[in-house]
Amino acid sequence: MNKLKLKSMLEQFYLEDLGDGDLSSQALFTHENQSTFHFIAKEAGIFCGREVILTGFKVMNPEILVNIYSEDGEKVEAGTVIAEAFGPAADLLQAERVILNLVQRMSGIATQTARVVELVKDYPVRICDTRKTTPGLRMLEKYAVRCGGGYNHRSGLYDAVMLKDNHISFKGSISSAVKEVKSKLGHTVKVEVEIETRDGLREAVDSGADIIMFDNRTPEEIAEWIGDVPPHIITEASGGIGIENVADYAKSGVHYISLGFLTHSIKGLDISAKVLD
């Protein structure tokens with residue numbers, strides 16, 4: 001995780017929440033009013049967000065002391081004390097919601113990812129995410145997928161080529177699209193092609209694609225077609241895949257299964273910040 005980027009993100013999030021100042025806390029407390037927050041899991045799941053807690057409180061006030069008792073990717077049970085922070089009460093309260101929002105979401109993503117990974121553990125396939133992330137939170141959400149045992153697909157439009165149906169429709173054919181991309185980009189850039197028909201698959205293979213994505217194909221179709229793919233080409237399945245059928249896709253023989261719901265349809269893990277008596 002890029003800690004400089006995280007710090008900048010947190011500063012912007014605090015500015016959004018604080019505006020010109022926290023009317024509640026500033027009216028009630030002075031700098032001398034010290035307290036301790038405990039972050040407590042209210043349900044079982046996979047914790048993710050250690051650096052968010054550490055950096056988040058330090059950005060608000062470098063004097064805040066933070067102790068973390070759970071590691072990223074670690075399973076926590078209901079009642080687990082994940083972390084504690086000691087410092088001026090006003091600063092703790094001003095940082096609380098932003099930190100909790102991020103940690104709950106990241107932990108929810110890690111928990112969901114771990115659940116899917118467990119469903120396909122008996123197959124030689126990797127679960128990965130997509131670009132269907134919350135704008136502004138991609139770095140954190142993709143990190144959470146890794147903490148849950150998953151893998152990251154491309155980080156954005158800048159680090160890999162992915163020729164989807166609309167690219168191909170605009171260009172005219174898979175072959176012409178792949179040829180032009182490869183003529184203009186360096187040899188370290190992978191080219192992935194999305195296919196929906198068997199003819200499209202064969203064209204992608206012949207054109208020199210590095211990765212082939214079976215998009216919105218059934219597990220049975222993929223299992224039948226995958227024999228047309230040479231061993232050096234990476235295969236991926238995506239589209240219409242959920243908890244209920246991910247194991248069927250794992251059986252098809254693909255190397256990767258990419259799942260948008262790992263990041264776009266997530267319930268945050270229930271975590272609270274409490275002042276304990």
# chains A, B, ... in the order shown; residues from 1 in each chain; ligands from 1
>>> select_by_dssp(residues="range 51-200 of chain A", states="alpha helix (DSSP H)", output="mmCIF file with N, CA and C atoms, in the first residue's frame")
data_model
loop_
_atom_site.group_PDB
_atom_site.id
_atom_site.type_symbol
_atom_site.label_atom_id
_atom_site.label_comp_id
_atom_site.auth_asym_id
_atom_site.auth_seq_id
_atom_site.Cartn_x
_atom_site.Cartn_y
_atom_site.Cartn_z
ATOM 1 N N GLU A 51 -3.200 -0.210 8.563
ATOM 2 C CA GLU A 51 -2.503 1.037 8.221
ATOM 3 C C GLU A 51 -3.460 2.230 8.220
ATOM 4 N N VAL A 52 -4.722 1.982 7.913
ATOM 5 C CA VAL A 52 -5.708 3.064 7.953
ATOM 6 C C VAL A 52 -5.874 3.578 9.383
ATOM 7 N N ILE A 53 -5.911 2.674 10.346
ATOM 8 C CA ILE A 53 -6.046 3.080 11.751
ATOM 9 C C ILE A 53 -4.796 3.827 12.209
ATOM 10 N N LEU A 54 -3.624 3.253 11.928
ATOM 11 C CA LEU A 54 -2.376 3.874 12.359
ATOM 12 C C LEU A 54 -2.202 5.260 11.737
ATOM 13 N N THR A 55 -2.334 5.326 10.412
ATOM 14 C CA THR A 55 -2.125 6.584 9.715
ATOM 15 C C THR A 55 -3.254 7.565 9.986
ATOM 16 N N GLY A 56 -4.470 7.045 10.073
ATOM 17 C CA GLY A 56 -5.629 7.910 10.261
ATOM 18 C C GLY A 56 -5.548 8.748 11.519
ATOM 19 N N PHE A 57 -5.197 8.132 12.630
ATOM 20 C CA PHE A 57 -5.095 8.889 13.876
ATOM 21 C C PHE A 57 -3.891 9.823 13.861
ATOM 22 N N LYS A 58 -2.781 9.390 13.258
ATOM 23 C CA LYS A 58 -1.593 10.230 13.212
ATOM 24 C C LYS A 58 -1.807 11.458 12.340
ATOM 25 N N VAL A 59 -2.578 11.312 11.270
ATOM 26 C CA VAL A 59 -2.894 12.462 10.426
ATOM 27 C C VAL A 59 -3.718 13.477 11.213
ATOM 28 N N MET A 60 -4.646 12.989 12.016
ATOM 29 C CA MET A 60 -5.470 13.890 12.818
ATOM 30 C C MET A 60 -4.645 14.562 13.906
ATOM 31 N N ALA A 89 -9.598 13.740 23.451
ATOM 32 C CA ALA A 89 -10.918 13.199 23.113
ATOM 33 C C ALA A 89 -11.476 13.807 21.830
ATOM 34 N N ALA A 90 -11.296 15.107 21.649
ATOM 35 C CA ALA A 90 -11.833 15.767 20.459
ATOM 36 C C ALA A 90 -11.214 15.199 19.191
ATOM 37 N N ASP A 91 -9.907 14.978 19.202
ATOM 38 C CA ASP A 91 -9.233 14.445 18.021
ATOM 39 C C ASP A 91 -9.642 13.005 17.738
ATOM 40 N N LEU A 92 -9.808 12.224 18.803
ATOM 41 C CA LEU A 92 -10.277 10.848 18.612
ATOM 42 C C LEU A 92 -11.647 10.838 17.950
ATOM 43 N N LEU A 93 -12.534 11.689 18.416
ATOM 44 C CA LEU A 93 -13.892 11.739 17.881
ATOM 45 C C LEU A 93 -13.908 12.249 16.442
ATOM 46 N N GLN A 94 -13.035 13.177 16.130
ATOM 47 C CA GLN A 94 -13.002 13.730 14.776
ATOM 48 C C GLN A 94 -12.462 12.720 13.762
ATOM 49 N N ALA A 95 -11.608 11.821 14.211
ATOM 50 C CA ALA A 95 -11.032 10.818 13.315
ATOM 51 C C ALA A 95 -11.884 9.559 13.209
ATOM 52 N N GLU A 96 -12.708 9.324 14.211
ATOM 53 C CA GLU A 96 -13.416 8.041 14.360
ATOM 54 C C GLU A 96 -14.184 7.609 13.123
ATOM 55 N N ARG A 97 -15.082 8.445 12.625
ATOM 56 C CA ARG A 97 -16.003 7.998 11.586
ATOM 57 C C ARG A 97 -15.299 7.697 10.270
ATOM 58 N N VAL A 98 -14.374 8.544 9.869
ATOM 59 C CA VAL A 98 -13.647 8.291 8.623
ATOM 60 C C VAL A 98 -12.898 6.967 8.710
ATOM 61 N N ILE A 99 -12.199 6.745 9.814
ATOM 62 C CA ILE A 99 -11.437 5.502 9.976
ATOM 63 C C ILE A 99 -12.365 4.296 9.999
ATOM 64 N N LEU A 100 -13.434 4.385 10.764
ATOM 65 C CA LEU A 100 -14.370 3.256 10.845
ATOM 66 C C LEU A 100 -14.997 2.943 9.488
ATOM 67 N N ASN A 101 -15.409 3.974 8.765
ATOM 68 C CA ASN A 101 -16.020 3.746 7.448
ATOM 69 C C ASN A 101 -15.093 2.940 6.547
ATOM 70 N N LEU A 102 -13.822 3.322 6.528
ATOM 71 C CA LEU A 102 -12.860 2.643 5.660
ATOM 72 C C LEU A 102 -12.562 1.233 6.144
ATOM 73 N N VAL A 103 -12.317 1.083 7.455
ATOM 74 C CA VAL A 103 -11.960 -0.231 7.995
ATOM 75 C C VAL A 103 -13.125 -1.213 7.886
ATOM 76 N N GLN A 104 -14.337 -0.757 8.129
ATOM 77 C CA GLN A 104 -15.498 -1.637 7.993
ATOM 78 C C GLN A 104 -15.651 -2.124 6.555
ATOM 79 N N ARG A 105 -15.480 -1.197 5.597
ATOM 80 C CA ARG A 105 -15.628 -1.596 4.199
ATOM 81 C C ARG A 105 -14.504 -2.539 3.771
ATOM 82 N N MET A 106 -13.286 -2.194 4.127
ATOM 83 C CA MET A 106 -12.160 -3.054 3.759
ATOM 84 C C MET A 106 -12.288 -4.437 4.389
ATOM 85 N N SER A 107 -12.700 -4.491 5.631
ATOM 86 C CA SER A 107 -12.865 -5.781 6.302
ATOM 87 C C SER A 107 -14.013 -6.576 5.683
ATOM 88 N N GLY A 108 -15.063 -5.893 5.252
ATOM 89 C CA GLY A 108 -16.156 -6.576 4.561
ATOM 90 C C GLY A 108 -15.704 -7.192 3.258
ATOM 91 N N ILE A 109 -14.876 -6.463 2.513
ATOM 92 C CA ILE A 109 -14.334 -6.984 1.251
ATOM 93 C C ILE A 109 -13.423 -8.183 1.509
ATOM 94 N N ALA A 110 -12.552 -8.055 2.498
ATOM 95 C CA ALA A 110 -11.653 -9.171 2.833
ATOM 96 C C ALA A 110 -12.436 -10.398 3.265
ATOM 97 N N THR A 111 -13.509 -10.179 4.026
ATOM 98 C CA THR A 111 -14.332 -11.291 4.499
ATOM 99 C C THR A 111 -15.040 -11.984 3.347
ATOM 100 N N GLN A 112 -15.616 -11.194 2.442
ATOM 101 C CA GLN A 112 -16.306 -11.766 1.281
ATOM 102 C C GLN A 112 -15.326 -12.518 0.387
ATOM 103 N N THR A 113 -14.144 -11.941 0.183
ATOM 104 C CA THR A 113 -13.137 -12.603 -0.654
ATOM 105 C C THR A 113 -12.718 -13.934 -0.055
ATOM 106 N N ALA A 114 -12.475 -13.943 1.250
ATOM 107 C CA ALA A 114 -12.070 -15.185 1.922
ATOM 108 C C ALA A 114 -13.141 -16.259 1.783
ATOM 109 N N ARG A 115 -14.390 -15.847 1.831
ATOM 110 C CA ARG A 115 -15.494 -16.798 1.676
ATOM 111 C C ARG A 115 -15.457 -17.445 0.291
ATOM 112 N N VAL A 116 -15.224 -16.647 -0.743
ATOM 113 C CA VAL A 116 -15.174 -17.184 -2.103
ATOM 114 C C VAL A 116 -13.947 -18.076 -2.289
ATOM 115 N N VAL A 117 -12.814 -17.620 -1.794
ATOM 116 C CA VAL A 117 -11.589 -18.402 -1.912
ATOM 117 C C VAL A 117 -11.767 -19.778 -1.271
ATOM 118 N N GLU A 118 -12.448 -19.832 -0.164
ATOM 119 C CA GLU A 118 -12.707 -21.109 0.507
ATOM 120 C C GLU A 118 -13.551 -22.033 -0.369
ATOM 121 N N LEU A 119 -14.492 -21.468 -1.125
ATOM 122 C CA LEU A 119 -15.374 -22.277 -1.972
ATOM 123 C C LEU A 119 -14.633 -22.951 -3.123
ATOM 124 N N ARG A 138 -10.012 2.730 -4.721
ATOM 125 C CA ARG A 138 -9.529 1.518 -5.402
ATOM 126 C C ARG A 138 -8.315 0.909 -4.718
ATOM 127 N N MET A 139 -7.338 1.728 -4.347
ATOM 128 C CA MET A 139 -6.147 1.185 -3.701
ATOM 129 C C MET A 139 -6.507 0.394 -2.445
ATOM 130 N N LEU A 140 -7.407 0.927 -1.632
ATOM 131 C CA LEU A 140 -7.784 0.273 -0.384
ATOM 132 C C LEU A 140 -8.628 -0.968 -0.640
ATOM 133 N N GLU A 141 -9.541 -0.894 -1.597
ATOM 134 C CA GLU A 141 -10.416 -2.028 -1.861
ATOM 135 C C GLU A 141 -9.640 -3.192 -2.485
ATOM 136 N N LYS A 142 -8.717 -2.887 -3.368
ATOM 137 C CA LYS A 142 -7.915 -3.952 -3.956
ATOM 138 C C LYS A 142 -6.949 -4.553 -2.931
ATOM 139 N N TYR A 143 -6.458 -3.731 -2.035
ATOM 140 C CA TYR A 143 -5.635 -4.257 -0.942
ATOM 141 C C TYR A 143 -6.457 -5.221 -0.087
ATOM 142 N N ALA A 144 -7.708 -4.873 0.181
ATOM 143 C CA ALA A 144 -8.582 -5.722 0.989
ATOM 144 C C ALA A 144 -8.818 -7.074 0.317
ATOM 145 N N VAL A 145 -8.932 -7.081 -1.007
ATOM 146 C CA VAL A 145 -9.077 -8.352 -1.732
ATOM 147 C C VAL A 145 -7.863 -9.236 -1.479
ATOM 148 N N ARG A 146 -6.677 -8.656 -1.508
ATOM 149 C CA ARG A 146 -5.464 -9.442 -1.255
ATOM 150 C C ARG A 146 -5.446 -9.979 0.173
ATOM 151 N N CYS A 147 -5.922 -9.163 1.110
ATOM 152 C CA CYS A 147 -5.956 -9.609 2.504
ATOM 153 C C CYS A 147 -6.925 -10.774 2.702
ATOM 154 N N ASP A 165 -15.703 -5.921 -25.678
ATOM 155 C CA ASP A 165 -16.562 -5.994 -26.863
ATOM 156 C C ASP A 165 -16.689 -4.653 -27.579
ATOM 157 N N ASN A 166 -16.757 -3.568 -26.808
ATOM 158 C CA ASN A 166 -16.912 -2.257 -27.441
ATOM 159 C C ASN A 166 -15.646 -1.811 -28.173
ATOM 160 N N HIS A 167 -14.474 -2.121 -27.619
ATOM 161 C CA HIS A 167 -13.235 -1.824 -28.337
ATOM 162 C C HIS A 167 -13.237 -2.546 -29.692
ATOM 163 N N ILE A 168 -13.607 -3.813 -29.647
ATOM 164 C CA ILE A 168 -13.574 -4.639 -30.849
ATOM 165 C C ILE A 168 -14.614 -4.176 -31.856
ATOM 166 N N SER A 169 -15.799 -3.793 -31.372
ATOM 167 C CA SER A 169 -16.841 -3.295 -32.270
ATOM 168 C C SER A 169 -16.397 -2.014 -32.964
ATOM 169 N N PHE A 170 -15.772 -1.109 -32.202
ATOM 170 C CA PHE A 170 -15.307 0.148 -32.791
ATOM 171 C C PHE A 170 -14.195 -0.092 -33.810
ATOM 172 N N LYS A 171 -13.296 -1.052 -33.483
ATOM 173 C CA LYS A 171 -12.143 -1.296 -34.355
ATOM 174 C C LYS A 171 -12.487 -2.169 -35.547
ATOM 175 N N ILE A 174 -11.226 -8.527 -33.732
ATOM 176 C CA ILE A 174 -10.242 -8.834 -32.697
ATOM 177 C C ILE A 174 -8.834 -8.744 -33.266
ATOM 178 N N SER A 175 -8.640 -9.304 -34.433
ATOM 179 C CA SER A 175 -7.298 -9.351 -35.035
ATOM 180 C C SER A 175 -6.722 -7.966 -35.251
ATOM 181 N N SER A 176 -7.524 -7.075 -35.816
ATOM 182 C CA SER A 176 -7.019 -5.729 -36.088
ATOM 183 C C SER A 176 -6.744 -4.970 -34.797
ATOM 184 N N ALA A 177 -7.589 -5.188 -33.779
ATOM 185 C CA ALA A 177 -7.388 -4.503 -32.506
ATOM 186 C C ALA A 177 -6.108 -4.969 -31.827
ATOM 187 N N VAL A 178 -5.900 -6.285 -31.770
ATOM 188 C CA VAL A 178 -4.695 -6.812 -31.133
ATOM 189 C C VAL A 178 -3.451 -6.392 -31.896
ATOM 190 N N LYS A 179 -3.494 -6.469 -33.207
ATOM 191 C CA LYS A 179 -2.339 -6.102 -34.030
ATOM 192 C C LYS A 179 -1.928 -4.660 -33.793
ATOM 193 N N GLU A 180 -2.902 -3.749 -33.768
ATOM 194 C CA GLU A 180 -2.575 -2.332 -33.606
ATOM 195 C C GLU A 180 -2.040 -2.036 -32.214
ATOM 196 N N VAL A 181 -2.656 -2.638 -31.205
ATOM 197 C CA VAL A 181 -2.179 -2.425 -29.834
ATOM 198 C C VAL A 181 -0.745 -2.912 -29.689
ATOM 199 N N LYS A 182 -0.454 -4.095 -30.183
ATOM 200 C CA LYS A 182 0.882 -4.660 -30.038
ATOM 201 C C LYS A 182 1.931 -3.878 -30.834
ATOM 202 N N SER A 183 1.514 -3.208 -31.890
ATOM 203 C CA SER A 183 2.459 -2.419 -32.685
ATOM 204 C C SER A 183 2.835 -1.114 -31.995
ATOM 205 N N LYS A 184 2.054 -0.703 -31.010
ATOM 206 C CA LYS A 184 2.270 0.598 -30.389
ATOM 207 C C LYS A 184 2.762 0.525 -28.945
ATOM 208 N N ARG A 198 -17.030 -18.937 -29.887
ATOM 209 C CA ARG A 198 -15.882 -19.823 -30.125
ATOM 210 C C ARG A 198 -15.038 -19.305 -31.281
ATOM 211 N N ASP A 199 -15.682 -18.722 -32.274
ATOM 212 C CA ASP A 199 -14.923 -18.118 -33.374
ATOM 213 C C ASP A 199 -14.071 -16.965 -32.861
ATOM 214 N N GLY A 200 -14.641 -16.179 -31.949
ATOM 215 C CA GLY A 200 -13.880 -15.086 -31.362
ATOM 216 C C GLY A 200 -12.693 -15.599 -30.563
#
>>> select_by_dssp(residues="range 33-261 of chain A", states="strand (DSSP E)", output="ChimeraX atom specification")
/A:34-41,45-46,65-68,75-76,81-88,126-128,161-163,191-195,211-215,234-238,256-258
>>> closest_residue(among="A:Phe214, A:Trp225, A:Phe47, A:Tyr158", to="Tyr256 in chain A", atoms="only C-alpha atoms")
A:Phe214
>>> atom_distance(atom1="CA of Gly150 in chain A", atom2="CA of Tyr123 in chain A")
13.9 Å
>>> closest_residue(among="A:Ile64, A:Ile271, A:Ile257, A:Leu276", to="Val76 in chain A", atoms="only C-alpha atoms")
A:Ile271
>>> closest_residue(among="A:Leu18, A:Gly240, A:Thr134, A:Asp159", to="Leu185 in chain A", atoms="only C-alpha atoms")
A:Asp159
